[in-house]
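Q: Here it is, the structure, as structure tokens.
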Amino acid sequence: MAVEKRVVFRSRWLPWLLLAPQGVVIAVFFFWPAGQALLQSLQQSDAFGGSVSWVGLDNFRALWSDPVYLASFKTTVIFSVLVVVLGMSLSLLLAVFADRVVRGSSLYKTLLIWPYAVPPAIAGVLWLFMFSPSVGIVSYWLHALGIPWNSLLDSTDAMALIVIAAVWQQISYNFLFFLAGLASIPKSLIEAAAIDGARPWRRFWTIQLPLLSPTVFFLISINAVYAFLETFPIVDAATQGGPGTSTSIMVYKLVYDFKALDLNNSAAQSVVLMLILVAVTIVQFKYVENKVHY
Amino acid sequence: MKLKLQLTAAAFALACALPMQAQAQAPIQIQWWHSMSGPLGEWVTDLAKGFNESQKEYEVVPTYKGSYDDSMAAGIAAYRAGNAPNIMQVFEVGTATMMASKGAIVPVWKIMQEGGQKFDVKSYIPAVASYYTASNGQMLSLPFNSSTTVFFYNKDAFKAAGLDPDKAPLTWEEVKADAIKLKASGSKCPLTTSWESWTQLESFSAWHNVPFASHNNGFGGTAARLEFNGPLQVRHIQDLANMEKEGLFVYKGRGNVPDAAFISGDCAMSMGSSSTYGQLKNVAKFAFALSPLPYYADVKGAPQNTIIGGASLWAMAGKPAAQNKGVAAFFAYLSSPEVQAASHQRTGYLPITTAAYELTEKSGYYQKNPGTDVAVNQMVRKTTDKSRGIRLGNYLQIRAIINEELEQVWSGKKTAKQALDTAVERGNVLLARFQQANKG
Amino acid sequence: MVERSPKLDFLAHVILILGVVVIAFPLYVAIVASTHTAAEIFQSPMPMLPGPHLVQNYREALLGTGNAMGSNAPVARMMFVSLVMALTIAIGKIVISLLSAFAVVYFRFPFRMLCFWAIFVTLMLPVEVRVGPTYHVVASLGLINTFAGMTIPLIASATATFLFRQFFLTVPEELVEAARMDGAGPMRFFWDILVPLSSTSIAALFVIQFIYGWTQYLWPLIATTSDNMYPIVIGIRYMMAGGESLTPWNLVMATAMLAMIPPALVVILMQKWFVKGLVDTEK
């Protein structure tokens with residue numbers, strides 16, 4: 001990792017002491033249970049753990065020979081790219097403008113952050129109220145406008161629905177961090193540039209965005225993790241992976257199989273998903289972080 | 001001085017003895033994990049209260065543990081950590097998993113026997129109890145909230161279409177004819193269905209006495225494989241697909257989402273769970289009626305009986321004998337005719353004993369609430385090997401596969417035969433895996 | 001902001017209003033649903049204007065008609081549990097992440113980057129999958145049904161550490177040099193300079209982690225065996241009948257709205273901290 005501080009403190013034991021709280025917690029409550037969970041991917045057992053047998057890579061071979069599983073790679077990539085790109089650009093737009101206006105600024109900010117507090121269980125139900133092809137209000141309006149909206153049978157409509165729902169869930173999150181990032185840019189820099197004659201558009205590209213780049217980098221990683229790992233409740237509420245398997249993203253199938261108590265299979269899927277995410281993150285750190293201004 | 005000492009000693013002895021007394025009288029707690037929320041949650045709480053107030057030895061403590069799949073995951077995690085509850089409510093599709101578990105559960109007949117409770121399998125309604133019974137007739141879990149598949153129709157819509165609102169379509173030919181008339185009168189959705197796997201394939205197969213899977217639909221062991229791509233089922237799904245092309249059948253989603261389409265008056269006819277009756281009664285703004293599932297008149301042996309849905313109660317193993325006795329007592333209380341009849345009338349779920357059914361009938365309940373006996377009537381008959389129920393492993397995933405493949409048919413991407421064949425193929429992979437995982 | 005540009009200001013307001021309408025629309029639907037009866041909500045399409053049943057629904061949600069509100073646990077108790085969870089998780093995460101990020105950025109020691117990656121990789125496994133084994137660990141520590149058992153496993157995450165790392169890397173080197181020249185040790189630097197500088201990040205994280213802790217569903221469900229340790233989100237789910245029965249959507253939405261008041265307050269309060277942080281940064 002190329003990014004480092006030039007000036008540091010010297011101490012043999014202090015860094016370890018500082019890391020200890022987080023280290024202990026993740027050793028006990030993450031690595032140990034995660035290890036157990038991943039071990040299951042190499043076994044074949046019944047749900048209650050009564051009869052466990054070692055099968056090596058058989059579960060992985062079974063995944064590889066399932067065309068439906070392989071097809072879900074493509075679905076997941078499309079979904080994740082859309083969610084990350086749309087989620088970040090829309091919230092950046094809103095954050096820049098919210099940072100700029102003086103009147104009503106805190107009202108806007110509150111109204112745009114507050115939706116993050118909607119528990120996913122409730123959010124899922126709300127989407128159903130709005131987009132359900134039979135009783136949803138938005139469906140009603142779309143039909144009235146002559147748009148044949150049917151997320152039950154049309155794959156594109158279904159994908160649009162889960163992308164919209166997933167982006168909606170994250171906009172408040174991204175918006176909040178962009179606001180924090182913008183707030184920590186010294187006003188003096190902006191004023192100096194304005195005095196030099198730079199218009200707002202130019203100021204955005206040459207000052208604000210570069211200084212926001214640590215936040216952008218942070219959010220890309222977090223949004224990628226979100227899109228890959230945390231969107232099960234949305235798909236479950238909105239389309240259940242349908243129609244057919246056209247919105248069955250990898251995490252949806254994984255968690256569904258887990259809830260169906262197919263533990264070894266879903267453990268194998270988790271390993272695959274985790275490896276993909278690690279690879280994506282390494283690429284990000286190697287290539288994207290070089291462009292970040294610290 | 002001595003007296004004081006004696007008195008103090010006596011007081012001390014008394015003080016020590018009192019807590020012991022209190023302990024001896026504290027009822028033994030029975031932990032019951034369930035997934036009943038909303039008004040059904042109130043029903044569960046009232047059942048526990050009724051039992052607790054009827055005797056002093058045991059106290060049943062019901063705890064809501066999330067939806068069926070969440071609570072099953074919680075129960076299994078707890079079991080693995082040695083912390084399982086006494087009673088778990090598990091949905092019908094989890095039956096194979098519970099059954100195949102080695103030593104994790106105590107079968108109902110055993111716990112009743114050891115608890116000294118009277119227990120006669122024959123007093124239970126055949127089609128309800130058979131789902132949870134082993135091939136040798138021994139009951140494994142106690143049916144708790146059982147519903148079955150029924151047909152609903154909107155009487156007001158029928159009248160507007162010129163159909164007799166009191167005449168339910170009994171055969172599929174009649175359904176199609178009625179749908180055509182409804183469409184002509186302007187209905188945008190003459191027919192839909194909820195729980196498509198349950199209503200159009202599982203119950204459908206049992207209703208027509210054709211196999212859904214080999215080895216008696218899985219009752220004969222984990223070597224069972226799927227067979228629902230037989231000629232009759234293919235014919236039926238293709239019929240629905242053709243009806244869809246003509247605008248007579250409209251697909252409204254998976255699970256119970258389509259219920260909203262019927263309740264709102266959007267769809268005129270639908271098939272789904274008998275327990276929707278309560279909702280309909282409270283919320284629908286039109287007259288409606290229930291009737292049995294339609295059947296194909298040219299199939300011999302139809303109509304047979306339908307398959308139940310819902311959940312049952314399992315007694316978990318590894319608990320002290322005193323607690324097991326309490327579980328048995330509670331099960332006996334739940335099965336008593338009065339409690340059963342009251343539950344049935346309150347929730348719309350099926351009564352599980354014949355005595356409860358007769359008690360309800362005698363009270364005139366079915367006359368006052370027409371249509372509520374439809375569900376029961378479908379179940380009070382002797383079951384065949386092909387209609388007792390379904391016992392297949394990894395069944396949640398198989399249902400998902402069925403949903404996925406049927407949606408390909410509804411969106412015009414596959415024919416019924418292609419979809420059902422693929423579903424059987426994909427499902428059998430899961431069954432083979434379940435067989436291997438639960439060997440020995 | 002800096003210059004008067006009415007056209008740009010107008011555009012900003014338009015976009016912001018559009019944003020608010022789109023983002024807050026589902027909330028509006030929830031509010032409307034909480035003011036009607038269950039029957040009215042089921043009509044197609046659902047009414048778009050608030051109905052007359054607001055007081056009735058909210059009173060029922062708060063006081064409960066018998067057992068309408070989650071087995072035997074009253075709303076107040078559940079809100080309390082949620083509050084303790086949310087505060088503990090938010091504060092816990094921020095404290096340990098500040099320490100870890102400080103260590104990783106400002107020190108050189110063997111396995112430094114490995115530690116950072118070990119922390120970061122905790123984000124990469126979906127929580128549902130490790131719930132069972134985590135339950136086992138918590139049970140063996142005897143922490144089932146305790147606040148500790150419900151919160152400590154959730155403090156394990158890496159988002160906060162990552163964010164602080166990003167922020168610390170932007171802090172000018174001159175500040176550290178100045179501190180060292182003044183003879184200040186690392187912890188002095190940490191308390192007197194670094195933490196105050198990080199206030200906007202801390203404020204943002206506090207909002208996020210508080211809401212994260214407030215909306216936890218699966219873990220509290222599994223890690224507790226008695227419903228008086230249930231947070232309010234489970235209570236709301238308890239009111240939503242799944243599968244086969246009548247859900248009182250109007251009551252569910254009313255309860256959800258009540259449950260969203262504390263997070264909303266946190267958001268509003270944190271805004272003040274943002275502004276204060278801003279003032280501090282103008283060094």
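By convention here, the chains of the structure tokens are called A, B, ... in the order presented, each chain's residues are numbered starting at 1, and ligands are numbered starting at 1 in the order presented.
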Write out as a count of residues only every residue belonging to chain A that has an atom at most 10 Å from any atom of chain B, counting only C-alpha atoms.
A: 45
Q: Show which residues sit within 12 Å of Ala184 (chain B), as a list in words. Count only C-alpha atoms, and ignore same-chain residues fewer than 3 positions away.
A: Ala157, Phe158, Ala160, Ala161, Gly162, Leu163, Ala177, Asp178, Ala179, Ile180, Lys181, Ser187, Lys188, Cys189, Pro190, Glu246, Gly247 and Leu248 of chain B
Q: Can you check which residues of region 105-287 of chain A DSSP gives as helix (DSSP H, G or I) on the backbone and send them as a ChimeraX atom specification?
A: /A:105-117,120-131,137-144,155-183,187-195,200-229,232-238,250-259,263-287
Q: For those residues, write C-alpha atoms to a file as a tab-separated table (two decimals), in the first residue's frame.
A:
chain	number	residue	atom	x	y	z
A	105	SER	CA	-29.99	24.09	4.53
A	106	SER	CA	-30.55	22.16	7.75
A	107	LEU	CA	-34.10	21.25	6.74
A	108	TYR	CA	-32.86	19.76	3.49
A	109	LYS	CA	-30.09	17.95	5.30
A	110	THR	CA	-32.42	16.48	7.91
A	111	LEU	CA	-34.96	15.34	5.32
A	112	LEU	CA	-32.27	13.74	3.20
A	113	ILE	CA	-30.50	11.92	6.03
A	114	TRP	CA	-33.53	10.77	7.96
A	115	PRO	CA	-34.65	8.04	5.48
A	116	TYR	CA	-31.54	6.11	6.49
A	117	ALA	CA	-33.34	5.42	9.77
A	120	PRO	CA	-35.03	-2.48	6.17
A	121	ALA	CA	-38.07	-4.56	7.17
A	122	ILE	CA	-40.32	-1.51	6.89
A	123	ALA	CA	-38.57	-0.22	3.77
A	124	GLY	CA	-39.30	-3.50	2.00
A	125	VAL	CA	-42.97	-3.21	2.81
A	126	LEU	CA	-43.08	0.41	1.64
A	127	TRP	CA	-41.62	-0.54	-1.71
A	128	LEU	CA	-44.30	-3.17	-2.04
A	129	PHE	CA	-46.96	-0.57	-1.27
A	130	MET	CA	-45.56	1.64	-3.97
A	131	PHE	CA	-44.45	-0.61	-6.78
A	137	ILE	CA	-49.49	3.63	-6.17
A	138	VAL	CA	-46.49	4.17	-8.41
A	139	SER	CA	-47.56	1.27	-10.61
A	140	TYR	CA	-50.97	2.88	-10.83
A	141	TRP	CA	-49.48	6.17	-11.98
A	142	LEU	CA	-47.16	4.46	-14.46
A	143	HIS	CA	-50.08	2.56	-15.95
A	144	ALA	CA	-52.08	5.77	-16.10
A	155	SER	CA	-36.80	-8.69	-16.09
A	156	THR	CA	-35.74	-5.13	-16.87
A	157	ASP	CA	-38.53	-3.66	-14.75
A	158	ALA	CA	-37.57	-5.99	-11.92
A	159	MET	CA	-33.89	-5.03	-12.10
A	160	ALA	CA	-34.86	-1.36	-12.22
A	161	LEU	CA	-36.96	-1.87	-9.11
A	162	ILE	CA	-34.21	-3.40	-7.00
A	163	VAL	CA	-31.64	-0.88	-8.23
A	164	ILE	CA	-33.94	1.99	-7.30
A	165	ALA	CA	-34.66	0.48	-3.89
A	166	ALA	CA	-30.97	-0.24	-3.19
A	167	VAL	CA	-29.83	3.21	-4.32
A	168	TRP	CA	-32.55	4.82	-2.23
A	169	GLN	CA	-31.34	2.99	0.84
A	170	GLN	CA	-27.80	4.26	0.39
A	171	ILE	CA	-28.32	7.83	-0.75
A	172	SER	CA	-28.76	9.10	2.78
A	173	TYR	CA	-25.59	7.30	3.87
A	174	ASN	CA	-23.48	8.64	1.01
A	175	PHE	CA	-25.03	12.09	1.35
A	176	LEU	CA	-24.08	12.27	5.01
A	177	PHE	CA	-20.44	11.38	4.41
A	178	PHE	CA	-20.15	13.72	1.46
A	179	LEU	CA	-21.50	16.50	3.66
A	180	ALA	CA	-18.91	15.69	6.32
A	181	GLY	CA	-16.20	15.66	3.69
A	182	LEU	CA	-17.30	18.96	2.20
A	183	ALA	CA	-17.56	20.51	5.66
A	187	LYS	CA	-13.47	27.80	3.55
A	188	SER	CA	-10.33	29.85	2.99
A	189	LEU	CA	-9.35	27.68	0.01
A	190	ILE	CA	-12.68	28.20	-1.70
A	191	GLU	CA	-12.67	31.92	-1.02
A	192	ALA	CA	-9.15	32.26	-2.37
A	193	ALA	CA	-10.14	30.50	-5.58
A	194	ALA	CA	-13.24	32.66	-5.94
A	195	ILE	CA	-11.16	35.79	-5.54
A	200	PRO	CA	-18.40	27.36	-9.04
A	201	TRP	CA	-18.12	24.61	-11.64
A	202	ARG	CA	-14.35	25.09	-11.88
A	203	ARG	CA	-14.02	25.25	-8.10
A	204	PHE	CA	-15.83	21.95	-7.81
A	205	TRP	CA	-13.51	20.13	-10.18
A	206	THR	CA	-10.23	21.65	-9.05
A	207	ILE	CA	-10.70	22.01	-5.31
A	208	GLN	CA	-13.72	20.27	-3.84
A	209	LEU	CA	-13.60	16.99	-5.72
A	210	PRO	CA	-9.88	16.36	-5.24
A	211	LEU	CA	-10.17	17.18	-1.56
A	212	LEU	CA	-13.19	14.90	-1.39
A	213	SER	CA	-11.28	12.04	-2.92
A	214	PRO	CA	-10.51	10.28	0.37
A	215	THR	CA	-14.24	10.28	1.05
A	216	VAL	CA	-14.99	9.13	-2.50
A	217	PHE	CA	-12.54	6.27	-2.12
A	218	PHE	CA	-14.06	5.32	1.22
A	219	LEU	CA	-17.57	5.39	-0.20
A	220	ILE	CA	-16.71	3.36	-3.29
A	221	SER	CA	-15.44	0.56	-1.06
A	222	ILE	CA	-18.34	0.75	1.33
A	223	ASN	CA	-20.93	0.95	-1.45
A	224	ALA	CA	-19.38	-2.02	-3.20
A	225	VAL	CA	-19.59	-4.04	0.03
A	226	TYR	CA	-23.18	-2.87	0.46
A	227	ALA	CA	-24.21	-3.82	-3.06
A	228	PHE	CA	-22.57	-7.23	-2.83
A	229	LEU	CA	-23.45	-8.20	0.72
A	232	PHE	CA	-30.67	-9.34	0.54
A	233	PRO	CA	-33.62	-7.69	2.38
A	234	ILE	CA	-34.35	-5.48	-0.62
A	235	VAL	CA	-34.43	-8.26	-3.17
A	236	ASP	CA	-36.38	-10.42	-0.75
A	237	ALA	CA	-39.07	-7.78	-0.32
A	238	ALA	CA	-39.23	-6.55	-3.89
A	250	MET	CA	-25.37	-13.77	-5.47
A	251	VAL	CA	-26.10	-12.63	-1.93
A	252	TYR	CA	-29.80	-13.26	-2.42
A	253	LYS	CA	-29.27	-16.87	-3.40
A	254	LEU	CA	-26.71	-17.27	-0.63
A	255	VAL	CA	-28.89	-16.04	2.20
A	256	TYR	CA	-31.98	-17.78	0.82
A	257	ASP	CA	-30.15	-21.09	0.77
A	258	PHE	CA	-28.88	-20.37	4.26
A	259	LYS	CA	-32.37	-19.71	5.58
A	263	LEU	CA	-25.71	-24.69	5.35
A	264	ASN	CA	-22.79	-26.24	3.53
A	265	ASN	CA	-23.87	-24.93	0.16
A	266	SER	CA	-24.37	-21.40	1.41
A	267	ALA	CA	-21.04	-21.52	3.24
A	268	ALA	CA	-19.37	-22.39	-0.07
A	269	GLN	CA	-21.18	-19.48	-1.74
A	270	SER	CA	-19.97	-17.17	1.04
A	271	VAL	CA	-16.38	-18.19	0.42
A	272	VAL	CA	-16.70	-17.42	-3.28
A	273	LEU	CA	-18.37	-14.07	-2.62
A	274	MET	CA	-15.77	-13.15	-0.05
A	275	LEU	CA	-12.91	-13.95	-2.43
A	276	ILE	CA	-14.50	-11.80	-5.12
A	277	LEU	CA	-14.89	-8.88	-2.75
A	278	VAL	CA	-11.33	-9.19	-1.49
A	279	ALA	CA	-10.09	-9.18	-5.09
A	280	VAL	CA	-12.19	-6.12	-5.93
A	281	THR	CA	-10.89	-4.32	-2.85
A	282	ILE	CA	-7.25	-5.14	-3.58
A	283	VAL	CA	-7.66	-3.77	-7.09
A	284	GLN	CA	-9.21	-0.63	-5.64
A	285	PHE	CA	-6.43	-0.07	-3.17
A	286	LYS	CA	-3.73	-0.70	-5.72
A	287	TYR	CA	-5.05	1.37	-8.60
Q: For chain B against chain C, which residues fall within 6 Å using only C-alpha atoms, given as a PDB file with N, CA and C atoms, in the first residue's frame?
A:
ATOM      1  N   SER B  37     -47.374 -13.817  14.612  1.00  0.00           N
ATOM      2  CA  SER B  37     -47.358 -12.398  14.929  1.00  0.00           C
ATOM      3  C   SER B  37     -48.754 -11.820  14.724  1.00  0.00           C
ATOM      4  N   GLY B  38     -48.901 -10.565  15.030  1.00  0.00           N
ATOM      5  CA  GLY B  38     -50.195  -9.907  14.858  1.00  0.00           C
ATOM      6  C   GLY B  38     -51.264 -10.578  15.701  1.00  0.00           C
ATOM      7  N   GLU B  42     -51.565 -12.953  19.494  1.00  0.00           N
ATOM      8  CA  GLU B  42     -52.474 -12.866  20.643  1.00  0.00           C
ATOM      9  C   GLU B  42     -53.099 -14.220  20.930  1.00  0.00           C
ATOM     10  N   ALA B  74     -32.902 -19.843  14.514  1.00  0.00           N
ATOM     11  CA  ALA B  74     -32.610 -19.553  15.917  1.00  0.00           C
ATOM     12  C   ALA B  74     -32.675 -20.833  16.738  1.00  0.00           C
ATOM     13  N   ALA B  77     -29.617 -22.996  16.021  1.00  0.00           N
ATOM     14  CA  ALA B  77     -28.422 -22.426  16.653  1.00  0.00           C
ATOM     15  C   ALA B  77     -28.458 -22.692  18.140  1.00  0.00           C
ATOM     16  N   ALA B  81     -25.993 -25.101  20.612  1.00  0.00           N
ATOM     17  CA  ALA B  81     -25.285 -24.555  21.770  1.00  0.00           C
ATOM     18  C   ALA B  81     -25.830 -25.125  23.063  1.00  0.00           C
ATOM     19  N   SER B 264     -58.434  -6.447  -2.888  1.00  0.00           N
ATOM     20  CA  SER B 264     -58.738  -5.099  -3.342  1.00  0.00           C
ATOM     21  C   SER B 264     -59.813  -5.092  -4.411  1.00  0.00           C
ATOM     22  N   GLN B 279     -58.953 -12.330   7.056  1.00  0.00           N
ATOM     23  CA  GLN B 279     -58.619 -11.041   6.446  1.00  0.00           C
ATOM     24  C   GLN B 279     -59.748 -10.544   5.572  1.00  0.00           C
ATOM     25  N   VAL B 283     -61.829  -7.026   5.754  1.00  0.00           N
ATOM     26  CA  VAL B 283     -61.338  -5.939   4.919  1.00  0.00           C
ATOM     27  C   VAL B 283     -62.047  -5.796   3.578  1.00  0.00           C
TER      28      VAL B 283
END
Q: Within 7 Å of chain A, which residues of chain C show up when using only C-alpha atoms, listed as number ranges by chain?
A: C: 1-2, 9, 12, 16, 20, 23-24, 26, 30, 44-46, 96, 99-100, 103, 105-107, 122, 124-126, 128-130, 133-134, 153, 156, 163, 166, 169-170, 173, 176, 186, 200-201, 204, 211, 215, 260, 263-264, 267-268, 278, 281-282
Q: Using C-alpha atoms, can you export the residues from the last selection as a compact mmCIF listing (two decimals), in the first residue's frame?
A:
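Result written to out01.txt:
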# COMPACT_ATOMS: atom_id res chain seq x y z
CA MET C 1 -21.91 30.59 -0.78
CA VAL C 2 -19.15 32.81 -1.87
CA ASP C 9 -29.11 29.06 -6.13
CA ALA C 12 -29.76 24.15 -6.26
CA LEU C 16 -32.77 19.65 -3.57
CA VAL C 20 -36.29 15.43 -0.97
CA ILE C 23 -36.10 10.31 -1.15
CA ALA C 24 -38.74 11.16 1.40
CA PRO C 26 -41.67 6.35 0.91
CA ALA C 30 -45.75 5.38 5.65
CA SER C 44 -56.22 -0.25 -5.12
CA PRO C 45 -54.79 2.30 -5.31
CA MET C 46 -53.97 3.28 -1.76
CA ILE C 96 -12.13 1.46 19.39
CA LEU C 99 -7.62 3.94 18.58
CA SER C 100 -7.03 1.39 15.84
CA ALA C 103 -2.21 2.99 15.50
CA VAL C 105 -1.65 5.42 10.44
CA TYR C 106 0.75 7.01 12.87
CA PHE C 107 3.04 4.15 13.82
CA THR C 122 -14.47 -8.30 8.59
CA MET C 124 -16.60 -9.17 3.58
CA LEU C 125 -18.75 -11.90 5.04
CA PRO C 126 -22.54 -11.52 5.16
CA GLU C 128 -26.44 -14.06 8.26
CA VAL C 129 -23.85 -16.74 7.56
CA ARG C 130 -21.87 -16.33 10.76
CA PRO C 133 -21.36 -19.84 15.24
CA THR C 134 -21.38 -16.36 16.79
CA PRO C 153 -20.37 -8.77 18.51
CA ALA C 156 -16.48 -5.68 15.51
CA LEU C 163 -13.14 6.17 7.63
CA GLN C 166 -8.95 8.09 5.41
CA LEU C 169 -4.19 10.57 6.15
CA THR C 170 -5.42 14.05 5.21
CA GLU C 173 2.21 16.56 8.58
CA VAL C 176 2.56 16.19 14.05
CA PRO C 186 1.53 10.32 20.83
CA THR C 200 -17.17 16.05 11.63
CA SER C 201 -16.24 12.45 10.90
CA ALA C 204 -21.26 11.55 10.82
CA ILE C 211 -29.09 4.17 13.34
CA THR C 215 -32.29 -1.00 13.30
CA MET C 260 -38.11 6.64 13.97
CA PRO C 263 -33.05 8.54 15.11
CA ALA C 264 -34.57 11.70 13.66
CA VAL C 267 -29.85 13.50 13.00
CA ILE C 268 -31.05 16.97 13.95
CA LEU C 278 -16.72 23.51 11.05
CA THR C 281 -11.54 23.54 11.68
CA GLU C 282 -11.06 27.14 10.78
Q: Neighbours of Ser97 (chain C) within 8 Å (only C-alpha atoms; same-chain residues fewer than 6 positions away dropped), as an NGL selection string?
A: (:A and (22)) or (:C and (158 or 160-161 or 164))
Q: Between CA of Thr193 (chain B) and CA of Ala213 (chain B), what is the distance, to one decimal in Å?
A: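 Separation between CA of Thr193 (chain B) and CA of Ala213 (chain B): 22.5 Å.
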Q: So, counting only C-alpha atoms, which residue among C:Leu269, C:Met113, C:Val195, C:Ile232 is closest to Ala256 (chain C)?
A: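 With only C-alpha atoms as the atom set, the closest residue is C:Ile232.
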